file work.txt (compact mmCIF, C-alpha atoms)
# COMPACT_ATOMS: atom_id res chain seq x y z
CA MET A 1 -76.27 2.31 -15.98
CA ILE A 2 -75.23 5.89 -16.79
CA LYS A 3 -73.02 5.99 -13.68
CA SER A 4 -71.34 2.74 -14.78
CA LYS A 5 -70.55 4.17 -18.24
CA ILE A 6 -69.17 7.36 -16.69
CA PHE A 7 -66.97 5.26 -14.37
CA TRP A 8 -65.50 3.22 -17.22
CA ILE A 9 -64.97 6.26 -19.43
CA THR A 10 -63.19 8.01 -16.55
CA ALA A 11 -61.02 4.93 -15.91
CA VAL A 12 -60.02 4.70 -19.59
CA ILE A 13 -59.12 8.40 -19.65
CA ILE A 14 -56.94 8.00 -16.53
CA ILE A 15 -55.18 4.94 -17.96
CA LEU A 16 -54.55 6.72 -21.27
CA GLY A 17 -53.21 9.74 -19.39
CA ILE A 18 -50.82 7.63 -17.33
CA SER A 19 -49.65 5.73 -20.42
CA SER A 20 -49.07 8.97 -22.31
CA GLY A 21 -47.12 10.38 -19.37
CA ILE A 22 -44.89 7.32 -19.16
CA PHE A 23 -44.34 7.40 -22.92
CA LEU A 24 -43.41 11.08 -22.90
CA TRP A 25 -41.09 10.57 -19.90
CA TYR A 26 -39.21 7.83 -21.73
CA GLN A 27 -39.10 10.00 -24.83
CA ARG A 28 -37.32 12.70 -22.80
CA THR A 29 -34.60 10.32 -21.63
CA ASP A 30 -31.41 9.49 -23.51
CA LYS A 31 -31.48 6.13 -25.23
CA THR A 32 -28.39 4.04 -24.40
CA MET A 33 -27.36 0.66 -25.73
CA PRO A 34 -27.67 -2.24 -23.24
CA TYR A 35 -24.08 -3.34 -24.03
CA ASP A 36 -20.73 -1.62 -24.48
CA PRO A 37 -18.12 -3.04 -26.87
CA VAL A 38 -14.75 -4.08 -25.43
CA ARG A 39 -11.71 -5.23 -27.39
CA VAL A 40 -9.44 -8.08 -26.38
CA GLU A 41 -5.92 -6.71 -25.94
CA PHE A 42 -2.54 -7.94 -24.77
CA GLY A 43 -1.35 -6.80 -21.35
CA ASP A 44 0.37 -7.84 -18.13
CA MET A 45 -1.48 -9.56 -15.31
CA LYS A 46 -0.41 -9.26 -11.70
CA VAL A 47 -2.25 -10.82 -8.74
CA THR A 48 -1.28 -9.20 -5.47
CA VAL A 49 -2.12 -9.05 -1.79
CA LEU A 50 -2.17 -5.49 -0.46
CA THR A 51 -1.23 -4.73 3.13
CA THR A 52 0.43 -2.04 5.20
CA GLY A 53 3.47 -2.13 7.43
CA ILE A 54 6.00 -0.13 9.40
CA VAL A 55 9.67 0.34 8.59
CA GLN A 56 11.65 -1.13 11.48
CA PRO A 57 15.15 -2.42 12.19
CA GLN A 58 15.33 -6.18 11.91
CA ASN A 59 17.87 -6.26 14.74
CA ARG A 60 17.92 -3.19 16.95
CA LEU A 61 20.76 -2.99 19.48
CA GLU A 62 21.00 -0.44 22.25
CA ILE A 63 24.63 0.32 23.05
CA LYS A 64 25.40 1.05 26.70
CA SER A 65 28.64 1.95 28.39
CA PRO A 66 30.60 -0.78 30.17
CA ILE A 67 31.58 1.80 32.81
CA ALA A 68 30.17 4.89 34.45
CA GLY A 69 32.00 8.10 33.63
CA ARG A 70 32.11 10.84 31.02
CA ILE A 71 32.00 11.00 27.22
CA GLU A 72 35.26 12.31 25.75
CA LYS A 73 34.68 11.93 21.99
CA VAL A 74 31.83 10.70 19.77
CA LEU A 75 33.01 9.38 16.39
CA ALA A 76 29.64 8.41 14.87
CA LYS A 77 26.39 10.21 14.13
CA GLU A 78 22.96 9.19 12.97
CA GLY A 79 23.00 7.64 9.50
CA ASN A 80 26.63 6.51 9.63
CA ARG A 81 27.44 2.98 8.55
CA VAL A 82 29.76 1.27 11.03
CA GLN A 83 31.60 -2.04 11.09
CA GLN A 84 31.84 -4.52 13.92
CA GLY A 85 34.76 -3.59 16.19
CA GLN A 86 34.92 0.01 14.98
CA VAL A 87 35.50 2.60 17.72
CA ILE A 88 32.44 4.84 17.84
CA ALA A 89 33.18 6.77 21.05
CA TRP A 90 35.83 7.30 23.75
CA LEU A 91 34.90 7.26 27.44
CA SER A 92 36.61 8.27 30.66
CA SER A 93 35.81 6.28 33.75
CA THR A 94 34.65 8.21 36.81
CA GLU A 95 38.17 7.92 38.31
CA ARG A 96 39.91 9.08 35.11
CA ALA A 97 37.52 11.99 34.68
CA ALA A 98 38.18 13.14 38.27
CA LEU A 99 41.95 12.75 37.83
CA LEU A 100 41.99 14.74 34.57
CA ASP A 101 39.91 17.52 36.10
CA ALA A 102 42.43 17.78 38.95
CA ALA A 103 45.37 17.77 36.53
CA ARG A 104 43.73 20.42 34.35
CA ALA A 105 43.63 22.72 37.36
CA LYS A 106 47.42 22.35 37.74
CA GLY A 107 48.20 23.31 34.15
CA PRO A 108 48.50 21.90 30.62
CA GLU A 109 51.70 19.94 31.32
CA LYS A 110 50.11 17.97 34.16
CA LEU A 111 47.01 17.36 32.02
CA ALA A 112 49.07 16.03 29.11
CA TYR A 113 51.04 13.78 31.44
CA TRP A 114 47.99 12.11 32.93
CA LYS A 115 46.25 11.82 29.55
CA ASP A 116 49.20 9.82 28.22
CA LEU A 117 49.44 7.75 31.36
CA TYR A 118 45.76 6.98 31.83
CA ASN A 119 44.14 6.05 28.49
CA PRO A 120 40.40 6.42 27.85
CA THR A 121 38.08 3.44 27.27
CA PRO A 122 36.91 2.76 23.69
CA LEU A 123 33.25 2.08 22.89
CA MET A 124 33.02 -0.30 19.92
CA ALA A 125 30.27 -1.25 17.47
CA PRO A 126 29.04 -4.78 18.32
CA ILE A 127 27.74 -5.52 14.78
CA ASN A 128 27.81 -4.16 11.25
CA GLY A 129 25.00 -1.68 10.84
CA ASP A 130 23.71 1.87 10.77
CA ILE A 131 23.55 4.30 13.64
CA ILE A 132 19.86 5.18 13.96
CA ALA A 133 19.96 7.10 17.25
CA ARG A 134 22.65 9.09 19.08
CA ASN A 135 21.86 10.14 22.63
CA ILE A 136 25.26 11.48 23.79
CA GLU A 137 27.54 14.45 23.34
CA PRO A 138 31.16 15.03 24.49
CA GLY A 139 31.39 16.04 28.12
CA GLN A 140 28.18 14.26 29.09
CA THR A 141 28.20 12.24 32.30
CA ILE A 142 26.83 8.72 31.90
CA THR A 143 26.00 5.60 33.87
CA ALA A 144 26.17 1.96 32.86
CA GLN A 145 22.36 1.96 32.38
CA ASP A 146 22.23 4.84 29.87
CA VAL A 147 21.57 4.05 26.20
CA LEU A 148 24.32 5.89 24.32
CA LEU A 149 23.63 4.89 20.71
CA VAL A 150 21.25 2.60 18.85
CA ILE A 151 22.44 0.52 15.92
CA SER A 152 20.44 -1.41 13.33
CA ASP A 153 21.84 -4.07 11.04
CA ARG A 154 19.21 -3.46 8.31
CA LEU A 155 15.80 -1.88 7.86
CA ILE A 156 12.82 -4.05 6.95
CA ILE A 157 9.07 -3.54 6.57
CA GLU A 158 7.08 -5.42 9.18
CA ALA A 159 3.64 -6.02 7.68
CA GLN A 160 0.46 -7.68 8.95
CA LEU A 161 -1.37 -10.32 6.92
CA ASP A 162 -4.79 -11.81 7.54
CA GLU A 163 -4.82 -15.57 8.08
CA THR A 164 -6.94 -15.94 4.92
CA ASP A 165 -4.03 -14.57 2.85
CA ILE A 166 -1.15 -16.23 4.65
CA GLY A 167 -1.68 -19.49 2.71
CA HIS A 168 -0.77 -17.70 -0.54
CA ILE A 169 2.50 -16.29 0.83
CA ALA A 170 5.90 -17.98 0.69
CA LEU A 171 9.47 -17.03 1.51
CA GLY A 172 11.24 -15.30 -1.37
CA GLN A 173 8.10 -13.93 -3.01
CA SER A 174 8.54 -10.51 -4.57
CA ALA A 175 6.84 -7.40 -3.22
CA GLU A 176 6.49 -3.77 -4.23
CA ILE A 177 6.88 -1.19 -1.47
CA THR A 178 5.80 2.44 -1.44
CA LEU A 179 6.02 4.86 1.47
CA ASP A 180 3.35 7.34 2.50
CA ALA A 181 6.11 9.96 2.72
CA TYR A 182 7.39 9.16 -0.82
CA PRO A 183 4.41 7.81 -2.81
CA ASN A 184 6.17 8.17 -6.18
CA GLU A 185 9.13 6.01 -5.15
CA THR A 186 8.70 2.25 -5.49
CA MET A 187 11.09 -0.24 -3.88
CA ILE A 188 11.37 -3.91 -4.75
CA GLY A 189 11.63 -6.38 -1.89
CA LYS A 190 11.04 -9.99 -0.98
CA ILE A 191 9.44 -11.97 1.84
CA ASP A 192 12.22 -12.66 4.33
CA HIS A 193 10.32 -14.13 7.28
CA ILE A 194 6.80 -15.31 8.14
CA ALA A 195 5.88 -15.43 11.82
CA TYR A 196 5.00 -18.82 13.29
CA GLU A 197 2.77 -17.31 15.97
CA ALA A 198 -0.36 -15.30 15.22
CA LYS A 199 -1.56 -12.10 16.83
CA THR A 200 -5.16 -11.07 17.36
CA VAL A 201 -5.83 -7.53 16.14
CA ASN A 202 -9.44 -6.25 16.49
CA ASN A 203 -10.66 -9.88 16.74
CA VAL A 204 -8.86 -10.77 13.49
CA THR A 205 -6.06 -13.34 13.38
CA MET A 206 -2.97 -11.73 11.85
CA TYR A 207 0.55 -12.93 11.07
CA MET A 208 3.60 -10.66 10.97
CA VAL A 209 5.62 -10.81 7.75
CA ASP A 210 9.07 -9.28 7.24
CA VAL A 211 9.65 -7.73 3.81
CA LEU A 212 13.31 -7.04 3.04
CA PRO A 213 14.06 -4.29 0.45
CA GLU A 214 16.61 -5.26 -2.19
CA SER A 215 18.32 -1.90 -1.67
CA VAL A 216 17.79 0.66 1.07
CA PRO A 217 17.43 4.23 -0.24
CA ASP A 218 18.81 7.15 1.72
CA PHE A 219 15.32 8.47 2.52
CA LEU A 220 14.16 5.27 4.26
CA ARG A 221 13.67 5.88 7.98
CA SER A 222 12.60 3.71 10.87
CA GLY A 223 8.94 4.27 11.78
CA MET A 224 7.72 5.20 8.28
CA THR A 225 4.39 3.79 7.11
CA ALA A 226 4.65 1.57 4.03
CA ASN A 227 2.16 0.07 1.58
CA VAL A 228 3.16 -3.42 0.47
CA GLN A 229 1.89 -5.32 -2.56
CA ILE A 230 2.97 -8.95 -2.34
CA ILE A 231 2.99 -10.51 -5.80
CA MET A 232 1.31 -13.92 -5.65
CA ALA A 233 1.29 -14.57 -9.42
CA GLN A 234 2.27 -12.68 -12.54
CA THR A 235 2.06 -13.20 -16.30
CA ASN A 236 3.21 -10.89 -19.07
CA HIS A 237 1.86 -10.28 -22.58
CA VAL A 238 -1.38 -12.22 -22.24
CA LEU A 239 -4.86 -11.57 -23.59
CA LEU A 240 -6.97 -9.57 -21.15
CA LEU A 241 -10.60 -8.59 -20.75
CA PRO A 242 -12.41 -6.63 -18.03
CA SER A 243 -13.85 -9.02 -15.48
CA ASP A 244 -17.42 -7.78 -16.03
CA ALA A 245 -17.22 -8.88 -19.68
CA VAL A 246 -16.88 -12.54 -18.69
CA TYR A 247 -19.91 -14.49 -17.41
CA MET A 248 -20.79 -17.89 -15.98
CA GLU A 249 -23.68 -19.53 -17.81
CA ASN A 250 -24.76 -23.16 -17.33
CA ASN A 251 -21.41 -23.95 -15.64
CA ARG A 252 -19.56 -22.53 -18.63
CA THR A 253 -17.35 -19.46 -18.88
CA VAL A 254 -18.67 -17.36 -21.75
CA VAL A 255 -18.56 -13.91 -23.34
CA ARG A 256 -21.13 -12.10 -25.43
CA ALA A 257 -20.13 -11.05 -28.94
CA PRO A 258 -21.90 -8.84 -31.53
CA ASN A 259 -24.27 -10.61 -33.92
CA THR A 260 -23.65 -9.20 -37.39
CA LYS A 261 -26.76 -10.90 -38.80
CA ASP A 262 -29.18 -9.72 -36.11
CA LYS A 263 -28.15 -6.62 -34.18
CA THR A 264 -30.97 -7.14 -31.68
CA LYS A 265 -29.30 -10.32 -30.42
CA THR A 266 -25.84 -11.33 -29.18
CA LEU A 267 -23.70 -14.40 -29.73
CA ILE A 268 -22.42 -16.57 -26.87
CA LYS A 269 -18.81 -17.77 -27.06
CA ASN A 270 -17.09 -20.25 -24.76
CA VAL A 271 -13.74 -19.13 -23.37
CA LYS A 272 -11.13 -20.36 -20.94
CA THR A 273 -9.65 -18.05 -18.35
CA GLY A 274 -6.45 -17.89 -16.32
CA LEU A 275 -5.42 -15.40 -13.67
CA SER A 276 -7.74 -12.67 -12.42
CA ASN A 277 -7.03 -9.69 -10.21
CA GLY A 278 -10.66 -8.66 -9.78
CA ARG A 279 -10.44 -5.93 -12.39
CA ASP A 280 -9.14 -7.89 -15.41
CA VAL A 281 -9.14 -11.57 -16.33
CA GLU A 282 -6.70 -13.51 -18.50
CA ILE A 283 -8.16 -15.23 -21.59
CA THR A 284 -6.25 -18.41 -22.41
CA SER A 285 -8.42 -19.67 -25.31
CA GLY A 286 -11.57 -18.86 -27.26
CA LEU A 287 -10.60 -15.33 -28.33
CA LYS A 288 -7.76 -13.58 -30.12
CA GLN A 289 -6.33 -10.10 -30.07
CA GLY A 290 -8.65 -7.49 -31.53
CA ASP A 291 -11.86 -9.49 -31.04
CA THR A 292 -14.81 -7.45 -29.77
CA VAL A 293 -17.02 -8.63 -26.95
CA LEU A 294 -19.91 -6.97 -25.15
CA ARG A 295 -20.41 -6.08 -21.52
CA LYS A 296 -23.48 -4.66 -19.87
CA ALA A 297 -23.67 -0.89 -20.03
CA PHE A 298 -24.74 1.38 -17.21
CA THR A 299 -27.86 3.29 -18.30
CA LYS A 300 -28.44 6.82 -17.11
CA ARG A 301 -31.57 8.82 -17.78
CA VAL A 302 -30.94 12.52 -18.34
CA SER A 303 -33.75 15.04 -18.69
CA ASN A 304 -33.73 17.29 -21.77
CA ASP A 305 -34.51 20.24 -19.50
CA LYS A 306 -31.43 20.11 -17.27
CA THR A 307 -32.25 23.00 -14.98
CA ALA A 308 -35.92 23.81 -15.01
CA ASN A 309 -37.03 20.81 -12.95
CA ASN A 310 -33.89 20.44 -10.81
CA PRO A 311 -34.79 21.09 -7.14
CA PHE A 312 -31.09 21.16 -6.20
CA MET A 313 -30.34 24.37 -8.07
CA PRO A 314 -30.74 27.03 -5.36
CA PHE A 315 -29.82 29.98 -7.56
CA ARG A 316 -32.26 29.48 -10.43
CA ARG A 317 -33.53 32.68 -11.87
CA LYS A 318 -37.24 33.07 -12.39
CA LYS A 319 -38.37 33.74 -15.91
CA LYS A 320 -39.70 37.22 -16.47
CA LYS A 321 -43.35 37.40 -17.33
call {"tool": "encode", "arguments": {"input": "work.txt", "output": "structure tokens"}}
result
Amino acid sequence: MIKSKIFWITAVIIILGISSGIFLWYQRTDKTMPYDPVRVEFGDMKVTVLTTGIVQPQNRLEIKSPIAGRIEKVLAKEGNRVQQGQVIAWLSSTERAALLDAARAKGPEKLAYWKDLYNPTPLMAPINGDIIARNIEPGQTITAQDVLLVISDRLIIEAQLDETDIGHIALGQSAEITLDAYPNETMIGKIDHIAYEAKTVNNVTMYMVDVLPESVPDFLRSGMTANVQIIMAQTNHVLLLPSDAVYMENNRTVVRAPNTKDKTKTLIKNVKTGLSNGRDVEITSGLKQGDTVLRKAFTKRVSNDKTANNPFMPFRRKKKK
């Protein structure tokens, strides 16, 4: 009987000790409200699909010589804009080059005579575009297989889109383009082409999409990496709330509002929503500008003694006795 009493007394003491410890531990933590207030404000809503792409020529033409011979003059360099039919280089055929070399050995008069008699061959631009590569210099010997210059009619961004996003994309949709090399510069473009055939990339079905910039800045170069935000929907000056302030309850879309009569409870209000970009949601009815709603707060317990019991402080100084 005595042992039984001792057992129960010991058990009560242990329980009281544990309860006291838990109480003291909670007393040492910061008390935080379960909800944070959020105000309904006007703002702009933009729903986008984010992808990456590479700057490439839409039509890339390699210009080769119609004859074998030697380059006499080059009239274009990288970055020049040329028009269709414009002379971009002068060539001498193998026979003309050999004849001029022989005449040059006989003196300037002979050379001038044969230059006037035997004209060089012009190399012309086949399309309107920009010279993006120049592989020749005057005096260089060439063959009919050598690529002399490369011309591009316009630069585009070729982007990849997952098949789950391709259903939201249409020709003419606007897009915002930023380059890794120039992150502070934003270009506006539009969807110019959507591939009809898919490609499999890492076991994912992807479609290639051409994004055409409205204007091509001087710093845009073929091969640059671009980040593309395709704008699927956009509204301006609408009421917005953070997405985590809006809840689904009993198949209704609701928000929690402060209860002025009983601060320990919250009020439930029905709302209607519009667009959402994952971060914010558009409120179409049920609230007005300036209304306050509540969203769940993140609680964080912080010890009053911030250093004494921290095992991750390797340079703690021991107190002097």
call {"tool": "closest_atom_pairs", "arguments": {"input": "work.txt", "of": "region 72-136 of chain A", "to": "region 149-172 of chain A", "cutoff": "12 Å", "atoms": "only C-alpha atoms", "output": "Markdown table"}}
result
| residue | atom | partner | partner_atom | distance |
| --- | --- | --- | --- | --- |
| A:Val74 | CA | A:Leu149 | CA | 10.1 |
| A:Leu75 | CA | A:Leu149 | CA | 11.3 |
| A:Ala76 | CA | A:Leu149 | CA | 9.1 |
| A:Lys77 | CA | A:Leu149 | CA | 8.9 |
| A:Glu78 | CA | A:Leu149 | CA | 8.9 |
| A:Gly79 | CA | A:Ile151 | CA | 9.6 |
| A:Asn80 | CA | A:Ile151 | CA | 9.6 |
| A:Arg81 | CA | A:Ile151 | CA | 9.2 |
| A:Val82 | CA | A:Ile151 | CA | 8.8 |
| A:Gln83 | CA | A:Asp153 | CA | 10.0 |
| A:Gln84 | CA | A:Asp153 | CA | 10.4 |
| A:Ile88 | CA | A:Leu149 | CA | 9.3 |
| A:Ala89 | CA | A:Leu149 | CA | 9.7 |
| A:Leu123 | CA | A:Leu149 | CA | 10.3 |
| A:Met124 | CA | A:Leu149 | CA | 10.8 |
| A:Ala125 | CA | A:Ile151 | CA | 8.2 |
| A:Pro126 | CA | A:Ile151 | CA | 8.8 |
| A:Ile127 | CA | A:Asp153 | CA | 7.1 |
| A:Asn128 | CA | A:Asp153 | CA | 6.0 |
| A:Gly129 | CA | A:Asp153 | CA | 4.0 |
| A:Asp130 | CA | A:Ser152 | CA | 5.3 |
| A:Ile131 | CA | A:Ile151 | CA | 4.6 |
| A:Ile132 | CA | A:Ile151 | CA | 5.7 |
| A:Ala133 | CA | A:Val150 | CA | 4.9 |
| A:Arg134 | CA | A:Leu149 | CA | 4.6 |
| A:Asn135 | CA | A:Leu149 | CA | 5.9 |
| A:Ile136 | CA | A:Leu149 | CA | 7.5 |
call {"tool": "atom_distance", "arguments": {"input": "work.txt", "atom1": "CA of Asn259 (chain A)", "atom2": "CA of Leu275 (chain A)"}}
result
28.1 Å
call {"tool": "residues_around", "arguments": {"input": "work.txt", "residues": "Asn227 (chain A)", "least_positions_apart": "6", "cutoff": "6 Å", "atoms": "all atoms listed in the file", "output": "count of residues only"}}
result
3
call {"tool": "closest_residue", "arguments": {"input": "work.txt", "among": "A:Leu241, A:Ile67, A:Met248, A:Leu267", "to": "Met45 (chain A)", "atoms": "only C-alpha atoms"}}
result
A:Leu241
call {"tool": "atom_distance", "arguments": {"input": "work.txt", "atom1": "CA of Ser65 (chain A)", "atom2": "CA of Asp146 (chain A)"}}
result
7.2 Å
call {"tool": "residues_around", "arguments": {"input": "work.txt", "residues": "region 215-226 of chain A", "least_positions_apart": "2", "cutoff": "7 Å", "atoms": "all atoms listed in the file", "output": "VMD selection string"}}
result
chain A and resid 52 to 57 177 to 180 213 228
call {"tool": "atom_distance", "arguments": {"input": "work.txt", "atom1": "CA of Pro258 (chain A)", "atom2": "CA of Thr292 (chain A)"}}
result
7.4 Å
call {"tool": "residues_around", "arguments": {"input": "work.txt", "residues": "region 233-237 of chain A", "least_positions_apart": "6", "cutoff": "6 Å", "atoms": "all atoms listed in the file", "output": "MDAnalysis selection string"}}
result
chainID A and resid 42:47
call {"tool": "closest_residue", "arguments": {"input": "work.txt", "among": "A:Ala297, A:Leu99, A:Thr264, A:Ala245", "to": "Asp280 (chain A)", "atoms": "only C-alpha atoms"}}
result
A:Ala245
